[in-house]
Structure formats: structure tokens, C-alpha cells
Amino acid sequence: MAETTRADTLSTNGHRRETIPSPASTEAGEARPGLIERALRAATDQVTRRIPAADLDERDPDYIRESLPRLWLLASIYFRAEVRGLGNIPETGPVLLVGNHSGGNLTPDTGVFTLAFSAYFGIERRFYQLAHNLVLSMPGLGMLRKYGTVAASPENAETALSSGAALLVYPGGDYEVHRPIWERHKVDFNRRKGFIRLALEQGVPIVPVVAVGGQETALFLSRGERLAQTLLLDRLFRLKVLPISIAPPWGLNVGDMLGHFPLPAKITMEVLPPIHLTQEFGADPDVDEIYDHVVRLMQDTLDALAAERRLPIVG
Amino acid sequence: MRVACGIDISAPRELVWEAITDPARYLHFMAGLTRWEVASDEPTGLGARYRMLMRVGSAEIGGLVEVVEWDELGDLAWTSVTGLDQRGRWRLRERPQGHTRVEFRLSYGVAGSGLFGWLAEQVAAPMVRANLRRSLQQLKRQVEHEQLRALAAQRRSRSAV
């Protein structure tokens with residue numbers, strides 16, 4: 001019975017189907033949905049339909065291999081990227097890589113890290129990344145699935161880890177990635193702790209990945225949380241923010257839906273030693289304590305990386 | 001893309017061969033190398049495998065390589081099994097007065113990567129060449145110092161007698 005319920009509530013991409021309760025339907029019970037509600041539902045359906053099914057087999061090692069020179073050029077020449085501490089990642093087995101998220105909808109950190117991971121461990125090692133639904137449903141970004149990007153959901157994360165793969169997650173998600181420029185050197189997961197529960201359930205170590213520079217690829221001004229709430233974006237597309245930034249080629253960029261041309265900021269990343277949760281925090285660990293520990297570690301590293309920078313963008 | 005560098009070392013071929021066939025010494029003289037680990041039962045010889053990485057630009061590039069040519073005191077060549085396509089070769093030739101000419105060649109690329117692959121190879125070439133040159137300089141210094149130490153030890157033992 002439980003299985004049936006689960007199957008009924010999950011969509012093809014592993015997400016739970018969400019219904020949008022409207023004031024009309026909640027107050028009047030079986031009242032006919034209004035025009036606004038029908039329009040909202042239609043819009044949600046359109047986006048949901050575009051989100052590809054989360055099939056881990058879509059990862060294509062040959063495609064990754066052939067695109068590594070392109071990523072290498074971008075990382076080495078444009079972003080002058082540097083990734084340290086890859087040796088801290090366990091050589092084999094599943095691992096949860098937890099990163100701070102920067103750079104708006106086009107996150108250069110992810111490309112740089114994908115290159116570094118694939119070159120270091122080889123394309124043979126399975127590596128997946130969780131991304132927001134909207135990123136995966138954007139036209140022209142279908143190739144992300146070939147890199148192993150799947151829609152962010154607990155089910156997809158569990159599937160990836162139980163297959164023995166390395167999984168990169170950004171707990172801060174859309175909240176952190178659009179933080180204003182003056183908070184660029186701040187790790188802000190918005191108290192989201194799902195990644196800790198995931199690591200505990202799966203019995204995998206957490207490896208923090210700290211990056212600096214990504215938030216200098218545009219002039220991020222505001223998350224636009226109120227704007228997103230007013231436009232019902234949180235209920236429609238799981239979007240808590242509607243960011244406002246100044247970025248080429250648009251100038252004033254609201255929403256960043258079409259992406260932007262990132263400024264050539266120097267990106268430096270550091271991979272920290274693995275945290276074995278039950279070994280370090282006991283058999284019945286306190287999730288809040290782990291959260292504070294992980295965020296503190298990452299913030300200290302980010303402060304150190306930020307201190308190395310002499311100038312914004314230049315690095 | 002093929003990058004090649006050469007150097008004359010004032011030491012006999014045997015000493016140079018000993019250095020380039022010892023996997024434990026690679027991290028000491030190879031510039032840019034971040035990993036050179038034995039990945040086979042036999043640490044040296046034909047069929048020996050190594051897991052290697054070299055820092056080029058913003059990535060550590062390499063993979064699993066296997067020795068495919070082992071011509072004692074002459075040529076040692078390897079080719080990639082996984083990772084970046086590569087083929088490396090040490091080529092030792094005797095020169096007069098007990099000197100050795102050492103050539104180090106490295107061909108690399110990613111098959112099927114098209115125009116960007118070609119461009120990346122061109123951009124990476126100066127970095128790879130610099131690593132190769134420094135590696136040869138460091139090899140020369142190490143082997144010649146060893147040679148000098150060995151000669152000094154011989155002199156000391158002779159004078160003691």
C-alpha cells in the first residue's frame with residue numbers, strides 16, 4: 001500500500017507532485033477552479049513536463065571526456081581556476097560533496113569542479129550533481145544531464161549515492177547562489193539540513209568543497225525574495241527568489257532566467273578532508289551540531305581563501 | 001600534440017636508465033607531476049602500470065598508463081590506458097666521453113574533442129614543454145650529482161688503501 005502511495009505521488013523525475021491550493025478551492029471546498037488558478041496550474045504543468053526524468057544512465061562518460069578540453073580552456077584561461085585538495089576525496093565509494101553555491105544561474109564553480117574531478121579520478125568514476133528543476137528544464141542546457149546532473153530531490157540523491165557514486169550538492173541552492181555581492185564571502189545554507197540527514201541515512205562521508213570568486217561573475221544586488229513571493233514563484237516553480245543583478249549583456253538583469261555572460265573572476269576551490277559523521281558525532285548525532293560544524297569549517301576556509309584575494313575579479 | 005625536449009647529461013647511460021626506470025624517483029625530478037603510483041604487480045618493466053597526474057593549467061591531468069616498450073638502456077615508452085590520450089617516451093643515446101643524450105617526448109590529446117580539443121592542446125603545449133624542460137634539468141642535476149658522489153667515494157676508498 002505504501003509503495004502504491006509513493007508511486008502515485010512521485011513524478012517521473014523523482015519529485016513529489018505538488019498541487020497548488022488556491023484560496024477558492026480551500027475555502028469553498030469543491031468550488032470550480034478560477035481562471036488564475038487554472039493559469040497557474042497550466043504554467044506549473046508546462047515546467048514540470050519539461051523537467052527530464054532523473055535517469056542516472058543519462059550520464060555519458062564519452063561526452064564528458066570529449067568536452068574536457070573545452071572545460072579546461074574555460075577554467076584555465078577565462079577563470080584562471082585553481083582546485084586544491086582533491087586528494088581529500090576518498091578514492092572509492094560513495095561520497096557526498098557539499099559545496100557553497102555562487103554565480104547565479106550560470107555557476108562557474110560547478111564546471112570548474114566537474115573538470116577537476118573528472119581529470120583527477122577519471123571519467124570512469126561516476127559523479128552526479130543535483131540541480132534545480134528550472135536549470136534542467138531550460139532550453140539549451142540538456143547537455144547537463146550528460147555530465148550527470150539530475151533534478152534535486154531526496155529520491156534522486158539516494159539513488160545516486162546507493163549506486164556508489166560521488167554526489168555534489170549545494171544545500172544553499174537558489175537562496176545562496178543569488179546572495180548579494182557584499183555577502184560573497186559568506187556560506188549561507190539558509191539552515192537547510194537535508195544533506196546531513198541524507199549522509200546519515202546513506203552512511204556516507206561529507207566532503208566540503210569551498211569556492212571563492214564565483215559571486216564576482218556579476219554584480220548581484222538582491223535575492224528579490226518578496227518579488228518571488230508576490231509573483232507566486234515559490235509555489236509554482238519552487239523558486240524562493242527572483243534575483244536582481246547587473247550583468248552583461250543585459251545590464252539590469254531580473255530573474256537571470258536567460259543566464260548572463262559571466263565576468264572573468266578568478267575561481268579558487270578547496271576540498272576539505274572528509275567528515276565521517278557517526279565516527280565524529282556518535283551513533284545518534286545531533287543534526288544541528290553537525291550543521292554548525294560543517295558551516296563553520298566551510299566559512300573558515302572561505303575566509304582564508306578570501307584573504308588570499310587582493311582585488312575582486314582579478315583575484 | 002607532440003612535445004619533445006632533449007638534454008646532454010655528463011653521466012653514463014646506466015645511471016640515467018636507473019633513474020628513469022625507478023618509479024619512486026619520478027615525483028622528485030618530474031616537474032608538475034602530482035602523482036606517480038605503481039598500479040601493477042611489477043613496479044618496472046614491460047607491462048608495468050602507473051597512475052599519474054600532471055598539473056597543467058587549472059587541472060591535474062593524466063590517468064592510468066602502461067609501459068609498452070622497454071629496450072634496456074635505450075628506449076622506454078608508455079601509453080595511456082584510461083584518462084587523457086598520451087604517449088610518452090624516454091630515449092637514451094650514448095655520446096662520447098661517457099655522456100648521455102636524453103630525449104623526453106610526450107604526445108597528448110583527447111580523441112573526438114574537435115576544434116576545442118585542438119585549441120586546448122596548443123594552449124597547453126608551452127606549459128607541458130616547460131614541465132618537460134624542468135624535468136630534464138632536474139634529472140640532469142640529480143644524476144650528475146650522484147655520479148660525482150660515486151666518483152668521490154671511489155677516490156676516498158682508493159686513498160684509504
# chains A, B, ... in the order shown; residues from 1 in each chain; ligands from 1
>>> select_by_dssp(residues="stretch 133-225 of chain A", states="strand (DSSP E or B)", output="MDAnalysis selection string")
chainID A and resid 149:151 166:169 206:212 219:222
>>> residues_around(residues="B:Ser10", least_positions_apart="2", cutoff="8 Å", atoms="only C-alpha atoms", output="number ranges by chain")
B: 8, 12, 98-100, 140, 144
>>> closest_atom_pairs(of="chain A", to="chain B", cutoff="6 Å", atoms="only C-alpha atoms", output="CSV")
residue,atom,partner,partner_atom,distance
A:Glu66,CA,B:Ser113,CA,4.5
A:Pro69,CA,B:Gly117,CA,5.1
A:Arg70,CA,B:Phe116,CA,5.5
A:Leu73,CA,B:Ala120,CA,6.0
A:Ser76,CA,B:Ser58,CA,4.8
A:Ala81,CA,B:Ser58,CA,5.3
A:Glu82,CA,B:Ser58,CA,5.2
A:Ala116,CA,B:Ala59,CA,5.4
A:Ala119,CA,B:Ile61,CA,5.3
A:Tyr120,CA,B:Glu60,CA,5.9
A:Gly122,CA,B:Gly83,CA,5.6
>>> write_last_selection(atoms="all heavy atoms", output="mmCIF file, in the first residue's frame")
data_model
loop_
_atom_site.group_PDB
_atom_site.id
_atom_site.type_symbol
_atom_site.label_atom_id
_atom_site.label_comp_id
_atom_site.auth_asym_id
_atom_site.auth_seq_id
_atom_site.Cartn_x
_atom_site.Cartn_y
_atom_site.Cartn_z
ATOM 1 N N GLU A 66 35.127 14.052 -24.095
ATOM 2 C CA GLU A 66 35.347 14.896 -25.273
ATOM 3 C C GLU A 66 35.174 16.378 -24.961
ATOM 4 O O GLU A 66 35.700 17.234 -25.680
ATOM 5 C CB GLU A 66 34.388 14.473 -26.394
ATOM 6 C CG GLU A 66 34.834 13.182 -27.042
ATOM 7 C CD GLU A 66 33.737 12.496 -27.822
ATOM 8 O OE1 GLU A 66 32.690 13.118 -28.059
ATOM 9 O OE2 GLU A 66 33.927 11.320 -28.184
ATOM 10 N N PRO A 69 38.459 19.200 -22.832
ATOM 11 C CA PRO A 69 39.317 20.298 -23.325
ATOM 12 C C PRO A 69 38.605 21.647 -23.312
ATOM 13 O O PRO A 69 39.211 22.673 -23.001
ATOM 14 C CB PRO A 69 39.640 19.866 -24.761
ATOM 15 C CG PRO A 69 39.527 18.387 -24.742
ATOM 16 C CD PRO A 69 38.397 18.093 -23.795
ATOM 17 N N ARG A 70 37.310 21.638 -23.626
ATOM 18 C CA ARG A 70 36.527 22.882 -23.638
ATOM 19 C C ARG A 70 36.461 23.451 -22.206
ATOM 20 O O ARG A 70 36.684 24.628 -21.979
ATOM 21 C CB ARG A 70 35.120 22.556 -24.154
ATOM 22 C CG ARG A 70 34.381 23.731 -24.700
ATOM 23 C CD ARG A 70 33.224 23.268 -25.542
ATOM 24 N NE ARG A 70 32.303 22.359 -24.883
ATOM 25 C CZ ARG A 70 31.755 21.292 -25.451
ATOM 26 N NH1 ARG A 70 32.047 20.989 -26.687
ATOM 27 N NH2 ARG A 70 30.902 20.536 -24.804
ATOM 28 N N LEU A 73 39.847 24.810 -21.142
ATOM 29 C CA LEU A 73 40.130 26.145 -21.687
ATOM 30 C C LEU A 73 39.408 27.215 -20.869
ATOM 31 O O LEU A 73 39.990 28.226 -20.493
ATOM 32 C CB LEU A 73 39.668 26.229 -23.143
ATOM 33 C CG LEU A 73 40.598 25.613 -24.190
ATOM 34 C CD1 LEU A 73 39.918 25.571 -25.539
ATOM 35 C CD2 LEU A 73 41.902 26.417 -24.291
ATOM 36 N N SER A 76 40.968 27.272 -17.265
ATOM 37 C CA SER A 76 42.369 27.690 -17.174
ATOM 38 C C SER A 76 42.587 29.107 -17.675
ATOM 39 O O SER A 76 43.360 29.865 -17.086
ATOM 40 C CB SER A 76 43.263 26.748 -17.980
ATOM 41 O OG SER A 76 43.163 25.461 -17.498
ATOM 42 N N ALA A 81 41.257 29.152 -12.927
ATOM 43 C CA ALA A 81 40.813 28.388 -11.763
ATOM 44 C C ALA A 81 41.915 27.566 -11.127
ATOM 45 O O ALA A 81 42.874 27.164 -11.784
ATOM 46 C CB ALA A 81 39.673 27.468 -12.186
ATOM 47 N N GLU A 82 41.717 27.326 -9.847
ATOM 48 C CA GLU A 82 42.669 26.523 -9.076
ATOM 49 C C GLU A 82 41.840 25.657 -8.127
ATOM 50 O O GLU A 82 40.999 26.189 -7.399
ATOM 51 C CB GLU A 82 43.562 27.479 -8.284
ATOM 52 C CG GLU A 82 44.797 26.853 -7.720
ATOM 53 C CD GLU A 82 45.573 27.851 -6.857
ATOM 54 O OE1 GLU A 82 45.487 29.069 -7.117
ATOM 55 O OE2 GLU A 82 46.229 27.394 -5.931
ATOM 56 N N ALA A 116 37.857 19.306 -12.731
ATOM 57 C CA ALA A 116 38.896 18.870 -11.799
ATOM 58 C C ALA A 116 38.635 17.431 -11.339
ATOM 59 O O ALA A 116 39.557 16.609 -11.313
ATOM 60 C CB ALA A 116 38.933 19.807 -10.595
ATOM 61 N N ALA A 119 39.098 14.920 -14.317
ATOM 62 C CA ALA A 119 40.504 14.757 -14.705
ATOM 63 C C ALA A 119 41.267 13.988 -13.628
ATOM 64 O O ALA A 119 42.103 13.155 -13.932
ATOM 65 C CB ALA A 119 41.140 16.127 -14.943
ATOM 66 N N TYR A 120 40.938 14.255 -12.372
ATOM 67 C CA TYR A 120 41.685 13.657 -11.267
ATOM 68 C C TYR A 120 41.338 12.177 -11.090
ATOM 69 O O TYR A 120 42.217 11.336 -10.975
ATOM 70 C CB TYR A 120 41.378 14.421 -9.977
ATOM 71 C CG TYR A 120 42.282 14.073 -8.814
ATOM 72 C CD1 TYR A 120 43.465 14.780 -8.599
ATOM 73 C CD2 TYR A 120 41.957 13.054 -7.926
ATOM 74 C CE1 TYR A 120 44.299 14.471 -7.531
ATOM 75 C CE2 TYR A 120 42.786 12.735 -6.859
ATOM 76 C CZ TYR A 120 43.954 13.448 -6.669
ATOM 77 O OH TYR A 120 44.782 13.131 -5.621
ATOM 78 N N GLY A 122 39.272 10.408 -13.188
ATOM 79 C CA GLY A 122 38.926 9.752 -14.452
ATOM 80 C C GLY A 122 37.425 9.751 -14.649
ATOM 81 O O GLY A 122 36.658 9.747 -13.689
#
>>> select_by_dssp(residues="stretch 7-156 of chain B", states="alpha helix (DSSP H)", output="MDAnalysis selection string")
chainID B and resid 13:20 26:29 114:156
>>> residues_around(residues="B:Gln142", least_positions_apart="4", cutoff="8 Å", atoms="only C-alpha atoms", output="short mmCIF file (atom, residue, chain, number, x, y, z; two decimals) with N, CA and C atoms, in the first residue's frame")
data_model
loop_
_atom_site.label_atom_id
_atom_site.label_comp_id
_atom_site.auth_asym_id
_atom_site.auth_seq_id
_atom_site.Cartn_x
_atom_site.Cartn_y
_atom_site.Cartn_z
N PHE B 29 61.94 14.27 -9.63
CA PHE B 29 62.54 15.05 -10.73
C PHE B 29 61.54 15.53 -11.77
N GLN B 138 66.18 18.79 -13.91
CA GLN B 138 66.25 18.19 -12.57
C GLN B 138 66.84 16.78 -12.63
N GLU B 146 74.80 12.41 -8.40
CA GLU B 146 75.02 11.01 -7.99
C GLU B 146 76.35 10.52 -8.51
#
>>> residues_around(residues="B:Ala125", least_positions_apart="3", cutoff="10 Å", atoms="only C-alpha atoms", output="list of chain:residue names")
B:Met1, B:Arg2, B:Val3, B:Val56, B:Ser107, B:Tyr108, B:Leu119, B:Ala120, B:Glu121, B:Gln122, B:Val128, B:Arg129, B:Ala130, B:Asn131
>>> residues_around(residues="B:Gln147", least_positions_apart="2", cutoff="10 Å", atoms="only C-alpha atoms", output="NGL selection string")
:B and (10-12 or 15-16 or 141-145 or 149-153)
>>> residues_around(residues="A:Ala306", least_positions_apart="2", cutoff="10 Å", atoms="only C-alpha atoms", output="list in words")
Arg184, His185, Lys186, Ala211, Val212, Gly213, Thr268, Asp300, Thr301, Leu302, Asp303, Ala304, Glu308, Arg309, Arg310, Leu311, Pro312 and Gly315 of chain A
>>> residues_around(residues="B:Arg91", least_positions_apart="2", cutoff="6 Å", atoms="only C-alpha atoms", output="ChimeraX atom specification")
/B:74-75,102-103
>>> write_last_selection(atoms="N, CA and C atoms", output="PDB file, in the first residue's frame")
ATOM      1  N   GLY B  74      68.020   1.923 -23.588  1.00  0.00           N
ATOM      2  CA  GLY B  74      67.725   2.672 -24.811  1.00  0.00           C
ATOM      3  C   GLY B  74      66.407   3.430 -24.745  1.00  0.00           C
ATOM      4  N   ASP B  75      65.318   2.729 -24.975  1.00  0.00           N
ATOM      5  CA  ASP B  75      64.007   3.386 -25.058  1.00  0.00           C
ATOM      6  C   ASP B  75      63.043   2.841 -24.012  1.00  0.00           C
ATOM      7  N   VAL B 102      69.682  12.570 -23.662  1.00  0.00           N
ATOM      8  CA  VAL B 102      68.359  12.130 -23.199  1.00  0.00           C
ATOM      9  C   VAL B 102      67.284  12.926 -23.923  1.00  0.00           C
ATOM     10  N   GLU B 103      66.359  12.212 -24.507  1.00  0.00           N
ATOM     11  CA  GLU B 103      65.217  12.885 -25.135  1.00  0.00           C
ATOM     12  C   GLU B 103      63.952  12.452 -24.413  1.00  0.00           C
TER      13      GLU B 103
END
>>> closest_residue(among="B:Phe104, B:Val68, B:Trp36, B:Arg87", to="B:Arg134", atoms="only C-alpha atoms")
B:Phe104
>>> atom_distance(atom1="atom CA of A:Glu216", atom2="atom CA of A:Asp292")
25.9 Å
>>> atom_distance(atom1="atom CA of A:Tyr291", atom2="atom CA of A:Val98")
11.4 Å
>>> atom_distance(atom1="atom CA of A:Leu74", atom2="atom CA of A:Ala157")
28.2 Å
